[in-house]
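Worksheet: one structure, shown below.
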Amino acid sequence: MGGTDVTDGWDWRRGGETPAPARPPGAGAPPVGPPTMPGADRTPLASPGSGPAPGWPASPVGPTPGWPASPVGPASPVGPASYGAQAAGGPNSADASAWWSDALADPWRDPAAPTAVVVPGVVAPGAEPEPVTDPDAPGRPTLRHLLLIPVITALLAGTLGGALGYAFAVRGGAGAAILGGAPAEVPALAQRKPESLAGVAERVLPSVVTVRVSSLGGTSEGSGFVATADGHVITNDHVVAGGTGKASVVFNDGSTAPATIVGQDAESDIAVIKVSRPGLRPVEFGDSDALAVGDPVLAIGSPLSLANTVTAGIVSALDRTMQAGEPGGPVRYYAAIQTDAAVNHGNSGGPLVDGAGRVVGVNSTIKSLVAEGQEAGNIGLAFAIPINQAKRVTQDIIGTGKARRTVIGARADGPTGVVGGGLRLAEVEPSGPADGAGLKVGDVILKINGRPMTEPTDLTALVRKYAPGSVVTVEYRRGSARQNTSVTLAADAK
């Protein structure tokens, strides 16, 4: 490395032979060294540090007069095992020439072999070698390392704490996931106060039953409610009509009891059955005459055999006159309570309850947009018999086995067709309630207790709303004069 191949004075760098420089006069023999001159004897060299070999002349050291100084610097730093310059610290190392090689002192070396001289690189004065860091040596901790230590410690502590907490929770039986947030105050609407709809339904449901009646065509099913503590149950006449007399009721807890039919009134569509069971809770009755349009109501029953169904609505109208009945059967008249609570087949005979949990009507019929022969469904037009009328009929049936019908003692033949409306009387029974109040055939009945008369069914249905002996105000027109009279209603002689 960095040396010159020297063989017999031939300089390969310049491509030709370079003659040796002339010796000064009296200089003596040429020096023995690596650049062997042509014709010179090859003298064996002594091994470094061993002194002159016996029989061999010592090799001269140091600069030879008449020869140029060696271009090579101080002795090569390579140790004794190197085939380079003589090792430092050996014998005569201070005077050794860089041209000399310890390889020449190898006693086993072929003297005829060429000699390679290794010239070390020149280090510029004042230039320090680049320091080399041992990667395996322990280094000084940096700020980053100092910050990582507490972070890792905190993570390990948190993980350990969580694991211990989970283990304790599982051991204590609290391993299940906790759903939802912390308990909060229950909203007012969810507290189910007694006057709330939920509170009302809870209070009334134990008194509502499902009524089943066997007939030749199968089993008729409807609803009903307990009216007395000794087991009288109110339902619709059309629920028990055509039955064989065998009936049963299903209570809201699923228990059943046999029942017998006490009596029924086809024209008012009220029937009474009786069950024998202790601990019955009768409903609380309200006043249907005190209702107002818009009052909240609940319909409770078993629509389509779905027992204990509760639906909510309002009072849509009052004194809605109804004329209902099956073909070939009796015609039923009543001034109904109209509601938009959902009512379907099976609700018949169930209670219509006001906001205080009092029964104000008996669900009876619905209006529906269906073709002939199709089954009707709820469209928000349901009708209930006023409870004041149903109570009166029930008391008559329980007391006498049949119900009285309230009459006015007159018959109307249809609307007048004139401005102002009204019903023209076609017949007035002698000594009847109308006759006793001074009404005559041809008079036009305009209103009864302020309720306008437009159809003949209005007169019949509205009169039956009141109990026999009730006094009603009749507004009528005779000729061009409008007059008022008081009529005391009576019971039918049947």
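Ligands are numbered from 1 in the order shown, chains are lettered A, B, ... in the order of the structure tokens, and residues start at 1 in each chain.
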Taking only residues of region 285-357 of chain A that have an atom at most 7 Å from an atom of region 376-400 of chain A, what is each one's shortest atom pair and its distance in Å to one decimal, using only C-alpha atoms, in chain and number order, as a tab-separated table?
residue	atom	partner	partner_atom	distance
A:Asp287	CA	A:Asn388	CA	6.5
A:Ser288	CA	A:Pro386	CA	5.6
A:Tyr334	CA	A:Ile385	CA	6.7
A:Ala336	CA	A:Ile385	CA	5.1
A:Ile337	CA	A:Ala384	CA	5.1
A:Gln338	CA	A:Phe383	CA	4.6
A:Thr339	CA	A:Ala382	CA	5.4
A:Asp340	CA	A:Gly380	CA	4.3
A:Ala341	CA	A:Gly380	CA	6.3
A:Ala342	CA	A:Asn378	CA	6.0
A:Val343	CA	A:Asn378	CA	5.8
A:Asn344	CA	A:Asn378	CA	5.6
Residues from last step as file, N, CA and C atoms, as a CSV table (one decimal), in the first residue's frame:
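After the write, selection.csv holds the following:
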chain,number,residue,atom,x,y,z
A,287,ASP,N,-120.2,9.6,36.0
A,287,ASP,CA,-121.4,10.2,35.6
A,287,ASP,C,-121.3,10.6,34.1
A,288,SER,N,-121.9,9.9,33.2
A,288,SER,CA,-121.8,10.1,31.8
A,288,SER,C,-122.4,11.5,31.4
A,334,TYR,N,-129.7,4.2,21.0
A,334,TYR,CA,-129.1,4.9,22.2
A,334,TYR,C,-128.3,6.1,21.7
A,336,ALA,N,-125.1,7.7,22.0
A,336,ALA,CA,-123.8,7.2,22.4
A,336,ALA,C,-122.8,8.2,22.6
A,337,ILE,N,-121.8,7.8,23.4
A,337,ILE,CA,-120.5,8.6,23.6
A,337,ILE,C,-119.6,8.1,22.4
A,338,GLN,N,-119.2,9.1,21.6
A,338,GLN,CA,-118.3,8.8,20.5
A,338,GLN,C,-116.8,9.0,21.0
A,339,THR,N,-115.9,8.1,20.7
A,339,THR,CA,-114.5,8.2,21.1
A,339,THR,C,-113.6,7.7,19.9
A,340,ASP,N,-112.4,8.2,20.0
A,340,ASP,CA,-111.4,7.8,19.0
A,340,ASP,C,-110.5,6.7,19.6
A,341,ALA,N,-110.7,6.2,20.8
A,341,ALA,CA,-109.9,5.1,21.3
A,341,ALA,C,-110.1,3.9,20.4
A,342,ALA,N,-109.0,3.2,20.2
A,342,ALA,CA,-109.1,2.0,19.3
A,342,ALA,C,-110.0,0.9,19.9
A,343,VAL,N,-111.0,0.6,19.2
A,343,VAL,CA,-112.0,-0.4,19.6
A,343,VAL,C,-112.2,-1.4,18.4
A,344,ASN,N,-112.2,-2.7,18.7
A,344,ASN,CA,-112.3,-3.7,17.7
A,344,ASN,C,-113.3,-4.8,18.2
**Message:** Applying 8 Å and only C-alpha atoms, which residues near Thr321 (chain A) remain after dropping the ones on its own chain fewer than 3 positions away? List them as JSON, numbers by chain.
**Reply:** {"A": [333, 334, 335, 336, 457, 458, 461, 462]}
Could you save the residues just selected, with all heavy atoms, as a compact mmCIF listing (two decimals), in the first residue's frame?
# COMPACT_ATOMS: atom_id res chain seq x y z
N TYR A 333 -131.43 1.43 19.99
CA TYR A 333 -131.33 2.89 19.96
C TYR A 333 -130.60 3.36 21.22
O TYR A 333 -130.94 2.96 22.33
CB TYR A 333 -132.71 3.53 19.92
CG TYR A 333 -133.55 3.17 18.72
CD1 TYR A 333 -134.49 2.13 18.79
CD2 TYR A 333 -133.46 3.90 17.54
CE1 TYR A 333 -135.28 1.81 17.70
CE2 TYR A 333 -134.25 3.59 16.45
CZ TYR A 333 -135.14 2.54 16.54
OH TYR A 333 -135.94 2.22 15.44
N TYR A 334 -129.69 4.24 21.04
CA TYR A 334 -129.07 4.90 22.20
C TYR A 334 -128.31 6.13 21.72
O TYR A 334 -127.84 6.21 20.58
CB TYR A 334 -128.18 3.96 23.01
CG TYR A 334 -127.16 3.16 22.21
CD1 TYR A 334 -125.90 3.67 21.94
CD2 TYR A 334 -127.49 1.88 21.78
CE1 TYR A 334 -124.98 2.93 21.23
CE2 TYR A 334 -126.57 1.13 21.07
CZ TYR A 334 -125.32 1.66 20.79
OH TYR A 334 -124.42 0.93 20.08
N ALA A 335 -128.22 7.09 22.60
CA ALA A 335 -127.45 8.31 22.37
C ALA A 335 -126.04 8.05 22.88
O ALA A 335 -125.77 8.15 24.09
CB ALA A 335 -128.08 9.50 23.06
N ALA A 336 -125.13 7.74 21.99
CA ALA A 336 -123.84 7.17 22.37
C ALA A 336 -122.79 8.24 22.65
O ALA A 336 -122.88 9.39 22.22
CB ALA A 336 -123.35 6.23 21.28
N THR A 457 -134.76 8.85 14.63
CA THR A 457 -134.00 8.09 15.63
C THR A 457 -133.48 8.98 16.75
O THR A 457 -133.25 8.51 17.86
CB THR A 457 -132.81 7.38 14.95
OG1 THR A 457 -132.02 8.35 14.24
CG2 THR A 457 -133.29 6.33 13.97
N ASP A 458 -133.33 10.28 16.46
CA ASP A 458 -132.85 11.19 17.50
C ASP A 458 -133.84 11.25 18.65
O ASP A 458 -133.44 11.24 19.83
CB ASP A 458 -132.67 12.60 16.93
CG ASP A 458 -131.55 12.67 15.90
OD1 ASP A 458 -130.70 11.75 15.89
OD2 ASP A 458 -131.51 13.63 15.11
N ALA A 461 -133.76 7.70 20.55
CA ALA A 461 -132.49 7.45 21.26
C ALA A 461 -132.28 8.41 22.41
O ALA A 461 -131.84 8.01 23.51
CB ALA A 461 -131.34 7.55 20.28
N LEU A 462 -132.58 9.69 22.20
CA LEU A 462 -132.32 10.67 23.25
C LEU A 462 -133.29 10.49 24.42
O LEU A 462 -132.90 10.66 25.58
CB LEU A 462 -132.44 12.08 22.68
CG LEU A 462 -131.84 13.18 23.54
CD1 LEU A 462 -130.35 12.95 23.78
CD2 LEU A 462 -132.07 14.55 22.91
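Between CA of Asp413 (chain A) and CA of Met453 (chain A) lies a distance of 12.2 Å.
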Among the residues of region 266-353 of chain A, find those DSSP assigns to helix (DSSP H, G or I) from the backbone and print them as an mmCIF file with C-alpha atoms, in the first residue's frame.
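states.cif, written as the output of this step:
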data_model
loop_
_atom_site.group_PDB
_atom_site.id
_atom_site.type_symbol
_atom_site.label_atom_id
_atom_site.label_comp_id
_atom_site.auth_asym_id
_atom_site.auth_seq_id
_atom_site.Cartn_x
_atom_site.Cartn_y
_atom_site.Cartn_z
ATOM 1 C CA SER A 288 -121.804 10.115 31.791
ATOM 2 C CA ASP A 289 -123.885 13.301 31.843
ATOM 3 C CA ALA A 290 -120.833 15.178 33.211
ATOM 4 C CA PRO A 303 -110.159 -7.111 21.107
ATOM 5 C CA LEU A 304 -109.616 -10.039 18.743
ATOM 6 C CA SER A 305 -109.136 -12.293 21.804
#
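Rounded to one decimal, CA of Val474 (chain A) and CA of Val293 (chain A) lie 23.4 Å from each other.
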**Asked** DSSP says strand (DSSP E) for which residues of region 135-318 of chain A? Put them as number ranges by chain?
**Response** A: 208-215, 218-226, 232-235, 243-250, 256-265, 270-275, 284-285, 296-301, 309-318
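Between CA of Gly401 (chain A) and CA of His232 (chain A) lies a distance of 12.9 Å.
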**Request:** Would you kindly return, as a VMD selection string, each protein, DNA or RNA residue with an atom no farther than 9 Å from any atom of region 265-280 of chain A, considering only C-alpha atoms and excluding same-chain residues fewer than 2 positions away?
**Result:** chain A and resid 206 to 207 226 228 to 241 247 to 249 257 to 263 282 325 329 to 334 349 362 364 385 389 to 390 393 to 394 397 to 398 402 to 405 464
**Item:** Nearest to Gly286 (chain A), chosen from A:Met322, A:Val359, A:Pro351, A:Leu298, with only C-alpha atoms counted in the distances
**Value:** A:Val359
**Item:** Shell around Pro430 (chain A) at 12 Å using only C-alpha atoms, local window under 2 positions removed, as a list in words
**Value:**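 Using only C-alpha atoms, the neighbours found are Ile408, Gly409, Ala410, Glu427, Val428, Gly432, Pro433, Ala434, Asp435, Gly436, Ala437, Gly438, Leu439, Lys440 and Val441 of chain A.
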